[in-house]
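S.K.: My questions will all concern the structure given below.
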Amino acid sequence: MKETAYLIIHGFNGSPKETRYLADYLRRKNLDIHTVLLSGHGGTKKELKNSSHTDWISSAERAVKSLLREYRRIVLIGFSMGGLISLHFAKMPKVDRIVLINTPIYFWNIKVIAKDIFTGIVSRDFDRIKYYKGAVMRSSLKSSIDFLKILLMTKRMIGVIEKPVLIIQCKNDESVRFKSAGYIKDKLGDSAVLQYYDGGCHQLFANSGAEIRDRACDRIFGFLGE
């Protein structure tokens, strides 16, 4: 039986592409990295709508159980909603440790969004405005409600765990208010370590500057080796 598997779980309406930079970085460090595509994700708006929050959790659970048939232990790395899903498996005996990246409890950082939109209008750089418009258009009301169901389920079940947890949060995250990380830290207790980064954005490994992205990768790798 192999020793340790590292499973990266992507976020709402996303895919493993949004964490590819981190996955490639950790593979170069000779870690056995795996990813999962959550049910309904990575395709069309209709495909996402036709799946449910229970489908998303179940697809992650199948990936976890499949890896545990081959490995002695598993490390979960959850990005955004993937962090919420990771916490559902926190008390499984063979889950060794967990990394949570820009994981939401309180979402939509209105100050950051307003600043982005205002700056885009003034500078006539409409890429960020298109980003927000696209984020709204890519998911249905039904899918958004399913996301909220996962968030509420996780808030109800989250509690102190004895396994090491690293919480990473960008302070300039437009989708997740950074106080979410503090809430999670308080709930998880002393086993959790919280690392804030000034700047950055929600898509830490896709759209943030190289310096913050690489510092976060280094910090995650250091945590995994502790």
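Chains: A, B, ... in order of the structure tokens. Residues: from 1 per chain. Ligands: from 1, in order shown.
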Write out, as CSV, each residue of segment 73-98 of chain A that has an atom at most 9 Å from segment 155-167 of chain A, together with the closest pair of atoms and their distance in Å to one decimal, counting only C-alpha atoms, rows going by chain and rising number.
M.R.:
```
residue,atom,partner,partner_atom,distance
A:Leu84,CA,A:Lys155,CA,8.7
A:Leu87,CA,A:Ile158,CA,7.1
A:His88,CA,A:Met157,CA,7.9
A:Ala90,CA,A:Ile161,CA,7.4
A:Lys91,CA,A:Ile161,CA,7.2
A:Val95,CA,A:Lys163,CA,8.3
A:Asp96,CA,A:Lys163,CA,6.6
A:Arg97,CA,A:Pro164,CA,5.1
A:Ile98,CA,A:Val165,CA,4.8
```
S.K.: Could you write out the selected residues, including all heavy atoms, as a compact mmCIF listing (two decimals), in the first residue's frame?
M.R.:
```
# COMPACT_ATOMS: atom_id res chain seq x y z
N LEU A 84 -14.90 23.82 2.15
CA LEU A 84 -16.09 23.43 2.91
C LEU A 84 -16.32 21.93 2.80
O LEU A 84 -16.60 21.26 3.80
CB LEU A 84 -17.31 24.19 2.39
CG LEU A 84 -17.32 25.71 2.54
CD1 LEU A 84 -18.55 26.30 1.86
CD2 LEU A 84 -17.28 26.12 4.01
N LEU A 87 -13.93 19.73 4.88
CA LEU A 87 -14.23 19.65 6.31
C LEU A 87 -15.24 18.56 6.65
O LEU A 87 -15.30 18.11 7.80
CB LEU A 87 -14.72 21.01 6.82
CG LEU A 87 -13.63 22.10 6.88
CD1 LEU A 87 -14.26 23.46 7.17
CD2 LEU A 87 -12.57 21.77 7.92
N HIS A 88 -16.01 18.13 5.67
CA HIS A 88 -16.97 17.05 5.90
C HIS A 88 -16.26 15.72 6.17
O HIS A 88 -16.85 14.80 6.73
CB HIS A 88 -17.91 16.90 4.71
CG HIS A 88 -18.95 17.97 4.64
ND1 HIS A 88 -20.29 17.74 4.85
CD2 HIS A 88 -18.84 19.30 4.43
CE1 HIS A 88 -20.97 18.88 4.75
NE2 HIS A 88 -20.10 19.84 4.48
N ALA A 90 -13.17 15.61 7.73
CA ALA A 90 -12.08 15.92 8.66
C ALA A 90 -11.90 14.85 9.73
O ALA A 90 -10.78 14.63 10.21
CB ALA A 90 -12.32 17.28 9.31
N LYS A 91 -12.97 14.19 10.14
CA LYS A 91 -12.88 13.24 11.24
C LYS A 91 -12.67 11.80 10.78
O LYS A 91 -12.64 10.89 11.61
CB LYS A 91 -14.11 13.36 12.13
CG LYS A 91 -14.18 14.71 12.85
CD LYS A 91 -15.31 14.79 13.85
CE LYS A 91 -15.30 16.14 14.58
NZ LYS A 91 -16.40 16.25 15.56
N VAL A 95 -7.67 10.56 7.32
CA VAL A 95 -7.39 11.92 6.85
C VAL A 95 -6.35 12.52 7.79
O VAL A 95 -6.60 12.72 8.97
CB VAL A 95 -8.67 12.78 6.81
CG1 VAL A 95 -8.33 14.24 6.54
CG2 VAL A 95 -9.63 12.25 5.75
N ASP A 96 -5.18 12.81 7.24
CA ASP A 96 -4.02 13.18 8.06
C ASP A 96 -4.00 14.65 8.42
O ASP A 96 -3.71 15.03 9.55
CB ASP A 96 -2.74 12.81 7.31
CG ASP A 96 -1.50 13.06 8.14
OD1 ASP A 96 -1.32 12.37 9.15
OD2 ASP A 96 -0.71 13.95 7.77
N ARG A 97 -4.26 15.51 7.45
CA ARG A 97 -4.29 16.95 7.67
C ARG A 97 -5.05 17.60 6.53
O ARG A 97 -5.32 16.97 5.50
CB ARG A 97 -2.89 17.53 7.82
CG ARG A 97 -1.93 17.27 6.68
CD ARG A 97 -0.54 17.80 7.00
NE ARG A 97 -0.03 17.22 8.23
CZ ARG A 97 0.87 17.82 9.03
NH1 ARG A 97 1.36 19.01 8.70
NH2 ARG A 97 1.30 17.24 10.13
N ILE A 98 -5.36 18.90 6.70
CA ILE A 98 -6.22 19.60 5.74
C ILE A 98 -5.66 20.99 5.48
O ILE A 98 -5.19 21.66 6.40
CB ILE A 98 -7.67 19.71 6.27
CG1 ILE A 98 -8.27 18.31 6.50
CG2 ILE A 98 -8.56 20.50 5.31
CD1 ILE A 98 -9.64 18.33 7.15
```
S.K.: Please, which residues of segment 125-213 of chain A, numbered as in this document, come out helix (DSSP H, G or I) from DSSP, as a compact mmCIF listing (two decimals) with all heavy atoms, in the first residue's frame?
M.R.:
```
# COMPACT_ATOMS: atom_id res chain seq x y z
N ASP A 127 -11.92 44.40 -18.04
CA ASP A 127 -11.71 42.97 -17.80
C ASP A 127 -12.32 42.51 -16.48
O ASP A 127 -12.94 41.45 -16.41
CB ASP A 127 -10.21 42.63 -17.81
CG ASP A 127 -9.64 42.65 -19.22
OD1 ASP A 127 -10.44 42.66 -20.18
OD2 ASP A 127 -8.40 42.66 -19.36
N ARG A 128 -12.14 43.30 -15.40
CA ARG A 128 -12.68 42.90 -14.10
C ARG A 128 -14.20 42.95 -14.10
O ARG A 128 -14.86 42.11 -13.49
CB ARG A 128 -12.13 43.80 -12.99
CG ARG A 128 -10.66 43.65 -12.74
CD ARG A 128 -10.29 42.22 -12.37
NE ARG A 128 -10.71 41.83 -11.04
CZ ARG A 128 -10.68 40.59 -10.59
NH1 ARG A 128 -10.26 39.62 -11.37
NH2 ARG A 128 -11.07 40.30 -9.37
N ILE A 129 -14.77 43.94 -14.80
CA ILE A 129 -16.23 44.01 -14.88
C ILE A 129 -16.77 42.78 -15.61
O ILE A 129 -17.76 42.18 -15.21
CB ILE A 129 -16.65 45.31 -15.60
CG1 ILE A 129 -16.20 46.52 -14.78
CG2 ILE A 129 -18.17 45.34 -15.80
CD1 ILE A 129 -16.41 47.85 -15.46
N LYS A 130 -16.09 42.39 -16.69
CA LYS A 130 -16.48 41.19 -17.42
C LYS A 130 -16.36 39.96 -16.54
O LYS A 130 -17.15 39.02 -16.62
CB LYS A 130 -15.61 41.04 -18.67
CG LYS A 130 -15.89 42.06 -19.74
CD LYS A 130 -14.95 41.87 -20.94
CE LYS A 130 -15.19 42.92 -22.01
NZ LYS A 130 -14.24 42.77 -23.14
N TYR A 131 -15.32 39.94 -15.66
CA TYR A 131 -15.12 38.82 -14.75
C TYR A 131 -16.33 38.66 -13.82
O TYR A 131 -16.86 37.55 -13.65
CB TYR A 131 -13.85 39.04 -13.94
CG TYR A 131 -13.67 38.12 -12.76
CD1 TYR A 131 -13.23 36.81 -12.93
CD2 TYR A 131 -13.96 38.55 -11.46
CE1 TYR A 131 -13.07 35.96 -11.86
CE2 TYR A 131 -13.80 37.71 -10.38
CZ TYR A 131 -13.36 36.42 -10.58
OH TYR A 131 -13.21 35.59 -9.50
N TYR A 132 -16.78 39.78 -13.24
CA TYR A 132 -17.92 39.70 -12.32
C TYR A 132 -19.21 39.34 -13.06
O TYR A 132 -20.02 38.56 -12.57
CB TYR A 132 -18.10 41.03 -11.59
CG TYR A 132 -16.99 41.32 -10.60
CD1 TYR A 132 -16.21 42.46 -10.71
CD2 TYR A 132 -16.72 40.43 -9.57
CE1 TYR A 132 -15.19 42.72 -9.81
CE2 TYR A 132 -15.70 40.68 -8.66
CZ TYR A 132 -14.94 41.83 -8.79
OH TYR A 132 -13.92 42.06 -7.90
N LYS A 133 -19.39 39.91 -14.24
CA LYS A 133 -20.58 39.58 -15.03
C LYS A 133 -20.59 38.11 -15.39
O LYS A 133 -21.62 37.44 -15.29
CB LYS A 133 -20.60 40.43 -16.30
CG LYS A 133 -21.84 40.20 -17.17
CD LYS A 133 -21.82 41.09 -18.39
CE LYS A 133 -23.05 40.82 -19.27
NZ LYS A 133 -23.04 41.67 -20.49
N GLY A 134 -19.42 37.59 -15.77
CA GLY A 134 -19.32 36.18 -16.12
C GLY A 134 -19.61 35.28 -14.94
O GLY A 134 -20.26 34.24 -15.08
N ALA A 135 -19.13 35.68 -13.75
CA ALA A 135 -19.36 34.87 -12.55
C ALA A 135 -20.84 34.74 -12.24
O ALA A 135 -21.30 33.68 -11.80
CB ALA A 135 -18.62 35.51 -11.37
N VAL A 136 -21.59 35.83 -12.47
CA VAL A 136 -23.03 35.81 -12.23
C VAL A 136 -23.75 34.97 -13.28
O VAL A 136 -24.64 34.17 -12.96
CB VAL A 136 -23.59 37.25 -12.21
CG1 VAL A 136 -25.12 37.23 -12.16
CG2 VAL A 136 -23.04 38.02 -11.02
N MET A 137 -23.34 35.12 -14.53
CA MET A 137 -24.04 34.46 -15.63
C MET A 137 -23.76 32.96 -15.70
O MET A 137 -24.56 32.22 -16.26
CB MET A 137 -23.64 35.11 -16.96
CG MET A 137 -24.03 36.58 -17.08
SD MET A 137 -25.83 36.82 -16.98
CE MET A 137 -26.35 36.04 -18.50
N LEU A 141 -29.76 30.28 -10.28
CA LEU A 141 -30.22 30.51 -8.91
C LEU A 141 -30.24 29.19 -8.14
O LEU A 141 -29.83 29.14 -6.98
CB LEU A 141 -31.62 31.12 -8.93
CG LEU A 141 -32.28 31.32 -7.56
CD1 LEU A 141 -31.46 32.26 -6.68
CD2 LEU A 141 -33.71 31.85 -7.73
N LYS A 142 -30.65 28.12 -8.80
CA LYS A 142 -30.72 26.81 -8.15
C LYS A 142 -29.34 26.37 -7.69
O LYS A 142 -29.15 25.88 -6.57
CB LYS A 142 -31.32 25.80 -9.11
CG LYS A 142 -31.62 24.44 -8.49
CD LYS A 142 -30.51 23.44 -8.77
CE LYS A 142 -30.82 22.07 -8.21
NZ LYS A 142 -29.67 21.14 -8.31
N SER A 143 -28.32 26.55 -8.54
CA SER A 143 -26.96 26.15 -8.18
C SER A 143 -26.42 27.01 -7.04
O SER A 143 -25.72 26.51 -6.16
CB SER A 143 -26.03 26.26 -9.40
OG SER A 143 -26.45 25.39 -10.43
N SER A 144 -26.76 28.30 -7.07
CA SER A 144 -26.32 29.19 -5.99
C SER A 144 -26.94 28.77 -4.66
O SER A 144 -26.28 28.83 -3.61
CB SER A 144 -26.69 30.63 -6.32
OG SER A 144 -26.04 31.07 -7.50
N ILE A 145 -28.19 28.34 -4.68
CA ILE A 145 -28.85 27.86 -3.46
C ILE A 145 -28.18 26.57 -2.97
O ILE A 145 -27.99 26.38 -1.77
CB ILE A 145 -30.36 27.65 -3.71
CG1 ILE A 145 -31.04 29.01 -3.91
CG2 ILE A 145 -31.00 26.90 -2.54
CD1 ILE A 145 -32.48 28.91 -4.35
N ASP A 146 -27.80 25.71 -3.90
CA ASP A 146 -27.08 24.49 -3.52
C ASP A 146 -25.75 24.82 -2.85
O ASP A 146 -25.35 24.16 -1.88
CB ASP A 146 -26.83 23.60 -4.75
CG ASP A 146 -28.00 22.68 -5.04
OD1 ASP A 146 -28.40 21.93 -4.13
OD2 ASP A 146 -28.52 22.71 -6.17
N PHE A 147 -25.06 25.83 -3.36
CA PHE A 147 -23.82 26.28 -2.71
C PHE A 147 -24.11 26.73 -1.28
O PHE A 147 -23.39 26.38 -0.34
CB PHE A 147 -23.19 27.42 -3.50
CG PHE A 147 -22.19 28.22 -2.72
CD1 PHE A 147 -20.92 27.71 -2.46
CD2 PHE A 147 -22.51 29.47 -2.20
CE1 PHE A 147 -20.00 28.44 -1.71
CE2 PHE A 147 -21.60 30.19 -1.46
CZ PHE A 147 -20.34 29.67 -1.21
N LEU A 148 -25.17 27.51 -1.09
CA LEU A 148 -25.52 27.99 0.24
C LEU A 148 -25.86 26.82 1.17
O LEU A 148 -25.56 26.87 2.37
CB LEU A 148 -26.70 28.96 0.17
CG LEU A 148 -26.41 30.33 -0.44
CD1 LEU A 148 -27.69 31.14 -0.56
CD2 LEU A 148 -25.38 31.09 0.40
N LYS A 149 -26.45 25.78 0.63
CA LYS A 149 -26.77 24.61 1.45
C LYS A 149 -25.50 23.96 1.99
O LYS A 149 -25.44 23.55 3.16
CB LYS A 149 -27.60 23.61 0.64
CG LYS A 149 -29.04 24.05 0.40
CD LYS A 149 -29.80 23.03 -0.43
CE LYS A 149 -31.23 23.48 -0.67
NZ LYS A 149 -31.98 22.51 -1.53
N ILE A 150 -24.48 23.85 1.13
CA ILE A 150 -23.21 23.29 1.60
C ILE A 150 -22.60 24.17 2.66
O ILE A 150 -22.09 23.70 3.69
CB ILE A 150 -22.22 23.10 0.42
CG1 ILE A 150 -22.63 21.89 -0.40
CG2 ILE A 150 -20.78 22.93 0.93
CD1 ILE A 150 -21.67 21.52 -1.50
N LEU A 151 -22.64 25.49 2.44
CA LEU A 151 -22.07 26.42 3.42
C LEU A 151 -22.77 26.27 4.77
O LEU A 151 -22.11 26.17 5.82
CB LEU A 151 -22.20 27.85 2.90
CG LEU A 151 -21.42 28.94 3.65
CD1 LEU A 151 -21.11 30.11 2.71
CD2 LEU A 151 -22.18 29.47 4.85
N LEU A 152 -24.09 26.22 4.76
CA LEU A 152 -24.85 26.12 6.02
C LEU A 152 -24.63 24.77 6.68
O LEU A 152 -24.51 24.68 7.91
CB LEU A 152 -26.33 26.37 5.75
CG LEU A 152 -26.69 27.80 5.33
CD1 LEU A 152 -28.16 27.90 4.93
CD2 LEU A 152 -26.37 28.80 6.44
N MET A 153 -24.57 23.71 5.89
CA MET A 153 -24.29 22.38 6.44
C MET A 153 -22.94 22.36 7.14
O MET A 153 -22.79 21.81 8.24
CB MET A 153 -24.30 21.33 5.32
CG MET A 153 -25.65 20.97 4.77
SD MET A 153 -25.51 19.95 3.27
CE MET A 153 -24.69 18.49 3.91
N THR A 154 -21.95 22.97 6.50
CA THR A 154 -20.60 22.97 7.06
C THR A 154 -20.54 23.80 8.34
O THR A 154 -19.89 23.40 9.32
CB THR A 154 -19.59 23.50 6.03
OG1 THR A 154 -19.74 22.77 4.81
CG2 THR A 154 -18.16 23.33 6.53
N LYS A 155 -21.20 24.95 8.34
CA LYS A 155 -21.21 25.79 9.54
C LYS A 155 -21.80 25.04 10.72
O LYS A 155 -21.33 25.19 11.85
CB LYS A 155 -22.00 27.08 9.28
CG LYS A 155 -21.26 28.12 8.49
CD LYS A 155 -22.06 29.41 8.37
CE LYS A 155 -22.13 30.15 9.69
NZ LYS A 155 -22.80 31.47 9.54
N ARG A 156 -22.82 24.23 10.47
CA ARG A 156 -23.47 23.49 11.56
C ARG A 156 -22.59 22.38 12.11
O ARG A 156 -22.65 22.06 13.30
CB ARG A 156 -24.82 22.93 11.10
CG ARG A 156 -25.92 23.98 10.97
CD ARG A 156 -27.28 23.32 10.88
NE ARG A 156 -27.43 22.54 9.67
CZ ARG A 156 -27.96 22.99 8.54
NH1 ARG A 156 -28.39 24.24 8.48
NH2 ARG A 156 -28.06 22.21 7.49
N MET A 157 -21.78 21.76 11.22
CA MET A 157 -21.02 20.59 11.67
C MET A 157 -19.57 20.90 12.03
O MET A 157 -18.91 20.09 12.68
CB MET A 157 -21.05 19.48 10.61
CG MET A 157 -20.57 19.87 9.21
SD MET A 157 -18.80 20.01 8.93
CE MET A 157 -18.29 18.33 9.20
N LYS A 179 -12.75 37.74 6.98
CA LYS A 179 -13.10 37.32 8.35
C LYS A 179 -13.60 35.87 8.38
O LYS A 179 -13.70 35.28 9.45
CB LYS A 179 -14.13 38.26 8.95
CG LYS A 179 -15.52 38.19 8.35
CD LYS A 179 -16.47 39.11 9.13
CE LYS A 179 -17.91 38.99 8.64
NZ LYS A 179 -18.83 39.83 9.45
N SER A 180 -13.90 35.30 7.20
CA SER A 180 -14.28 33.88 7.13
C SER A 180 -13.20 33.00 7.74
O SER A 180 -13.48 32.03 8.46
CB SER A 180 -14.51 33.46 5.68
OG SER A 180 -15.59 34.15 5.10
N ALA A 181 -11.94 33.34 7.43
CA ALA A 181 -10.82 32.54 7.93
C ALA A 181 -10.75 32.57 9.45
O ALA A 181 -10.47 31.56 10.09
CB ALA A 181 -9.51 33.04 7.33
N GLY A 182 -11.01 33.74 10.05
CA GLY A 182 -11.02 33.84 11.50
C GLY A 182 -12.12 33.01 12.13
O GLY A 182 -11.92 32.38 13.18
N TYR A 183 -13.28 33.00 11.50
CA TYR A 183 -14.40 32.19 11.99
C TYR A 183 -14.01 30.71 11.99
O TYR A 183 -14.23 29.99 12.98
CB TYR A 183 -15.62 32.41 11.09
CG TYR A 183 -16.83 31.57 11.46
CD1 TYR A 183 -17.83 32.10 12.28
CD2 TYR A 183 -16.97 30.26 11.00
CE1 TYR A 183 -18.94 31.33 12.62
CE2 TYR A 183 -18.07 29.49 11.34
CZ TYR A 183 -19.05 30.03 12.14
OH TYR A 183 -20.14 29.26 12.48
N ILE A 184 -13.42 30.24 10.89
CA ILE A 184 -13.03 28.83 10.78
C ILE A 184 -11.97 28.49 11.82
O ILE A 184 -12.03 27.45 12.48
CB ILE A 184 -12.54 28.52 9.36
CG1 ILE A 184 -13.68 28.68 8.36
CG2 ILE A 184 -11.97 27.11 9.28
CD1 ILE A 184 -13.25 28.62 6.90
N LYS A 185 -11.00 29.38 11.97
CA LYS A 185 -9.93 29.15 12.96
C LYS A 185 -10.53 29.02 14.36
O LYS A 185 -10.15 28.10 15.12
CB LYS A 185 -8.95 30.32 12.92
CG LYS A 185 -7.93 30.35 14.06
CD LYS A 185 -6.91 29.24 13.94
CE LYS A 185 -5.78 29.38 14.97
NZ LYS A 185 -6.19 29.03 16.34
N ASP A 186 -11.44 29.89 14.73
CA ASP A 186 -12.05 29.84 16.06
C ASP A 186 -12.80 28.52 16.27
O ASP A 186 -12.77 27.95 17.36
CB ASP A 186 -13.01 31.01 16.25
CG ASP A 186 -12.27 32.34 16.39
OD1 ASP A 186 -11.05 32.33 16.65
OD2 ASP A 186 -12.92 33.39 16.21
N LYS A 187 -13.47 28.05 15.23
CA LYS A 187 -14.24 26.81 15.34
C LYS A 187 -13.35 25.57 15.42
O LYS A 187 -13.66 24.62 16.13
CB LYS A 187 -15.21 26.68 14.16
CG LYS A 187 -16.35 27.68 14.17
CD LYS A 187 -17.30 27.42 15.32
CE LYS A 187 -18.50 28.34 15.30
NZ LYS A 187 -19.44 28.07 16.42
N LEU A 188 -12.24 25.60 14.69
CA LEU A 188 -11.38 24.41 14.64
C LEU A 188 -10.48 24.28 15.85
O LEU A 188 -10.02 23.19 16.17
CB LEU A 188 -10.54 24.42 13.36
CG LEU A 188 -11.30 24.25 12.05
CD1 LEU A 188 -10.34 24.26 10.87
CD2 LEU A 188 -12.11 22.95 12.04
N ALA A 210 2.31 36.78 -9.08
CA ALA A 210 3.21 35.64 -8.91
C ALA A 210 3.80 35.57 -7.51
O ALA A 210 3.97 34.48 -6.96
CB ALA A 210 4.33 35.71 -9.95
N GLU A 211 4.09 36.72 -6.91
CA GLU A 211 4.73 36.72 -5.59
C GLU A 211 3.83 36.08 -4.54
O GLU A 211 4.25 35.20 -3.79
CB GLU A 211 5.10 38.14 -5.16
CG GLU A 211 5.78 38.18 -3.80
CD GLU A 211 6.07 39.60 -3.32
OE1 GLU A 211 5.81 40.54 -4.09
OE2 GLU A 211 6.52 39.73 -2.18
N ILE A 212 2.56 36.52 -4.48
CA ILE A 212 1.63 35.98 -3.49
C ILE A 212 1.35 34.51 -3.79
O ILE A 212 1.32 33.66 -2.89
CB ILE A 212 0.34 36.80 -3.47
CG1 ILE A 212 0.60 38.19 -2.90
CG2 ILE A 212 -0.75 36.08 -2.65
CD1 ILE A 212 -0.60 39.09 -2.90
N ARG A 213 1.14 34.20 -5.05
CA ARG A 213 0.86 32.82 -5.46
C ARG A 213 1.98 31.88 -5.04
O ARG A 213 1.74 30.82 -4.46
CB ARG A 213 0.67 32.80 -6.97
CG ARG A 213 0.34 31.45 -7.57
CD ARG A 213 0.19 31.62 -9.06
NE ARG A 213 1.42 32.12 -9.68
CZ ARG A 213 1.48 32.69 -10.88
NH1 ARG A 213 0.39 32.86 -11.58
NH2 ARG A 213 2.64 33.09 -11.36
```
S.K.: For atom CA of Glu174 of chain A and atom CA of Ile101 of chain A, determine how far apart the two atoms are, in Å to one decimal place.
M.R.: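 Between atom CA of Glu174 of chain A and atom CA of Ile101 of chain A the gap is 13.7 Å.
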S.K.: Could you work out how far atom CA of Leu37 of chain A lies from atom CA of Asn13 of chain A, giving the answer in Å with one decimal?
M.R.: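 Computing it gives 10.3 Å between the two atoms.
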S.K.: Find the spatial neighbours of Ser86 of chain A, counting only C-alpha atoms, within a cut-off of 8 Å - ignore same-chain residues fewer than 4 positions away - and output them as a VMD selection string.
M.R.: chain A and resid 9 76 to 78 82 90 98
S.K.: So that I can see what lies close to segment 25-35 of chain A, please list as a ChimeraX atom specification the residues with an atom at most 8 Å from it, counting only C-alpha atoms and leaving out residues fewer than 2 positions away in the same chain.
M.R.: /A:4-9,16,21-23,37,217,221
S.K.: Selection from above, N, CA, C and O atoms, as an mmCIF file, in the first residue's frame, can you write it?
M.R.:
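File again_36.cif, as written:
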```cif
data_model
loop_
_atom_site.group_PDB
_atom_site.id
_atom_site.type_symbol
_atom_site.label_atom_id
_atom_site.label_comp_id
_atom_site.auth_asym_id
_atom_site.auth_seq_id
_atom_site.Cartn_x
_atom_site.Cartn_y
_atom_site.Cartn_z
ATOM 1 N N THR A 4 1.034 8.251 1.168
ATOM 2 C CA THR A 4 0.165 9.427 1.331
ATOM 3 C C THR A 4 -0.317 9.941 -0.017
ATOM 4 O O THR A 4 0.480 10.168 -0.935
ATOM 5 N N ALA A 5 -1.619 10.151 -0.124
ATOM 6 C CA ALA A 5 -2.222 10.800 -1.290
ATOM 7 C C ALA A 5 -2.628 12.219 -0.913
ATOM 8 O O ALA A 5 -3.078 12.472 0.211
ATOM 9 N N TYR A 6 -2.492 13.133 -1.848
ATOM 10 C CA TYR A 6 -2.872 14.531 -1.649
ATOM 11 C C TYR A 6 -3.984 14.845 -2.650
ATOM 12 O O TYR A 6 -3.760 14.837 -3.855
ATOM 13 N N LEU A 7 -5.179 15.104 -2.130
ATOM 14 C CA LEU A 7 -6.342 15.338 -2.994
ATOM 15 C C LEU A 7 -6.718 16.820 -2.955
ATOM 16 O O LEU A 7 -7.020 17.368 -1.895
ATOM 17 N N ILE A 8 -6.718 17.450 -4.129
ATOM 18 C CA ILE A 8 -7.119 18.857 -4.251
ATOM 19 C C ILE A 8 -8.562 18.902 -4.734
ATOM 20 O O ILE A 8 -8.904 18.321 -5.769
ATOM 21 N N ILE A 9 -9.413 19.622 -3.993
ATOM 22 C CA ILE A 9 -10.835 19.751 -4.323
ATOM 23 C C ILE A 9 -11.108 21.200 -4.727
ATOM 24 O O ILE A 9 -10.864 22.127 -3.948
ATOM 25 N N PRO A 16 -10.576 21.491 -11.708
ATOM 26 C CA PRO A 16 -9.173 21.417 -11.300
ATOM 27 C C PRO A 16 -8.264 22.435 -11.985
ATOM 28 O O PRO A 16 -7.151 22.672 -11.517
ATOM 29 N N TYR A 21 -1.917 25.375 -10.977
ATOM 30 C CA TYR A 21 -0.594 25.910 -10.627
ATOM 31 C C TYR A 21 -0.084 25.263 -9.337
ATOM 32 O O TYR A 21 1.069 24.844 -9.252
ATOM 33 N N LEU A 22 -0.961 25.187 -8.335
ATOM 34 C CA LEU A 22 -0.586 24.551 -7.065
ATOM 35 C C LEU A 22 -0.297 23.075 -7.268
ATOM 36 O O LEU A 22 0.694 22.546 -6.728
ATOM 37 N N ALA A 23 -1.147 22.380 -8.026
ATOM 38 C CA ALA A 23 -0.947 20.949 -8.260
ATOM 39 C C ALA A 23 0.396 20.689 -8.938
ATOM 40 O O ALA A 23 1.142 19.780 -8.536
ATOM 41 N N LEU A 37 -13.006 16.162 -10.191
ATOM 42 C CA LEU A 37 -13.969 17.058 -10.809
ATOM 43 C C LEU A 37 -15.320 16.778 -10.167
ATOM 44 O O LEU A 37 -15.876 15.682 -10.325
ATOM 45 N N CYS A 217 2.139 28.819 -2.207
ATOM 46 C CA CYS A 217 2.578 27.458 -2.544
ATOM 47 C C CYS A 217 3.681 26.988 -1.601
ATOM 48 O O CYS A 217 3.655 25.854 -1.116
ATOM 49 N N PHE A 221 3.426 23.824 1.016
ATOM 50 C CA PHE A 221 4.376 22.719 0.972
ATOM 51 C C PHE A 221 5.083 22.567 2.332
ATOM 52 O O PHE A 221 5.291 21.451 2.807
#
```
S.K.: Give me the residues near segment 196-208 of chain A as a PyMOL selection string, where near means some atom within 7 Å (using only C-alpha atoms) and where sequence neighbours in that chain fewer than 5 positions away do not count.
M.R.: chain A and resi 18-19+21-22+102+168-175+213
S.K.: When distances are computed from only C-alpha atoms, which of A:Glu47, A:Ser15, A:Ala216, A:Leu68 shows the smallest separation from Pro93 of chain A?
M.R.: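 Distance minimum relative to Pro93 of chain A lands on A:Leu68.
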S.K.: Can you work out the spacing between atom CA of Pro104 of chain A and atom CA of Gln195 of chain A in Å, to one decimal?
M.R.: 14.9 Å
S.K.: Ranking A:Tyr106, A:Phe178, A:Phe223, A:Phe89 by minimum distance to Val193 of chain A and counting only C-alpha atoms, which one comes first?
M.R.: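 With only C-alpha atoms as the atom set, the closest residue is A:Phe223.
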S.K.: Just asking: which residues within segment 58-216 of chain A are strand (DSSP E or B) according to DSSP, as JSON, numbers by chain?
M.R.: {"A": [71, 72, 73, 74, 75, 76, 77, 78, 79, 95, 96, 97, 98, 99, 100, 101, 107, 165, 166, 167, 168, 169, 170, 176, 192, 193, 194, 195, 196, 197]}
S.K.: Pick the closest to Glu70 of chain A from A:Trp56, A:Glu3, A:Thr103, A:Arg215: which is it, counting only C-alpha atoms?
M.R.: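 Checking each of A:Trp56, A:Glu3, A:Thr103, A:Arg215 against Glu70 of chain A, counting only C-alpha atoms, the winner is A:Glu3.
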S.K.: Lys46 of chain A: which residues within 10 Å, counting only C-alpha atoms, same-chain residues fewer than 2 positions away excluded, as an MDAnalysis selection string?
M.R.: chainID A and resid 40:41 43:44 48:51 138:140 143
S.K.: When you look at segment 58-63 of chain A with a cut-off of 7 Å (counting only C-alpha atoms), what residues show up, excluding the ones that are within fewer than 2 positions of it in the same chain? I need them as a list of chain:residue names.
M.R.: A:Val36, A:Leu38, A:Ser39, A:Thr54, A:Asp55, A:Trp56, A:Lys65, A:Ser66, A:Leu67
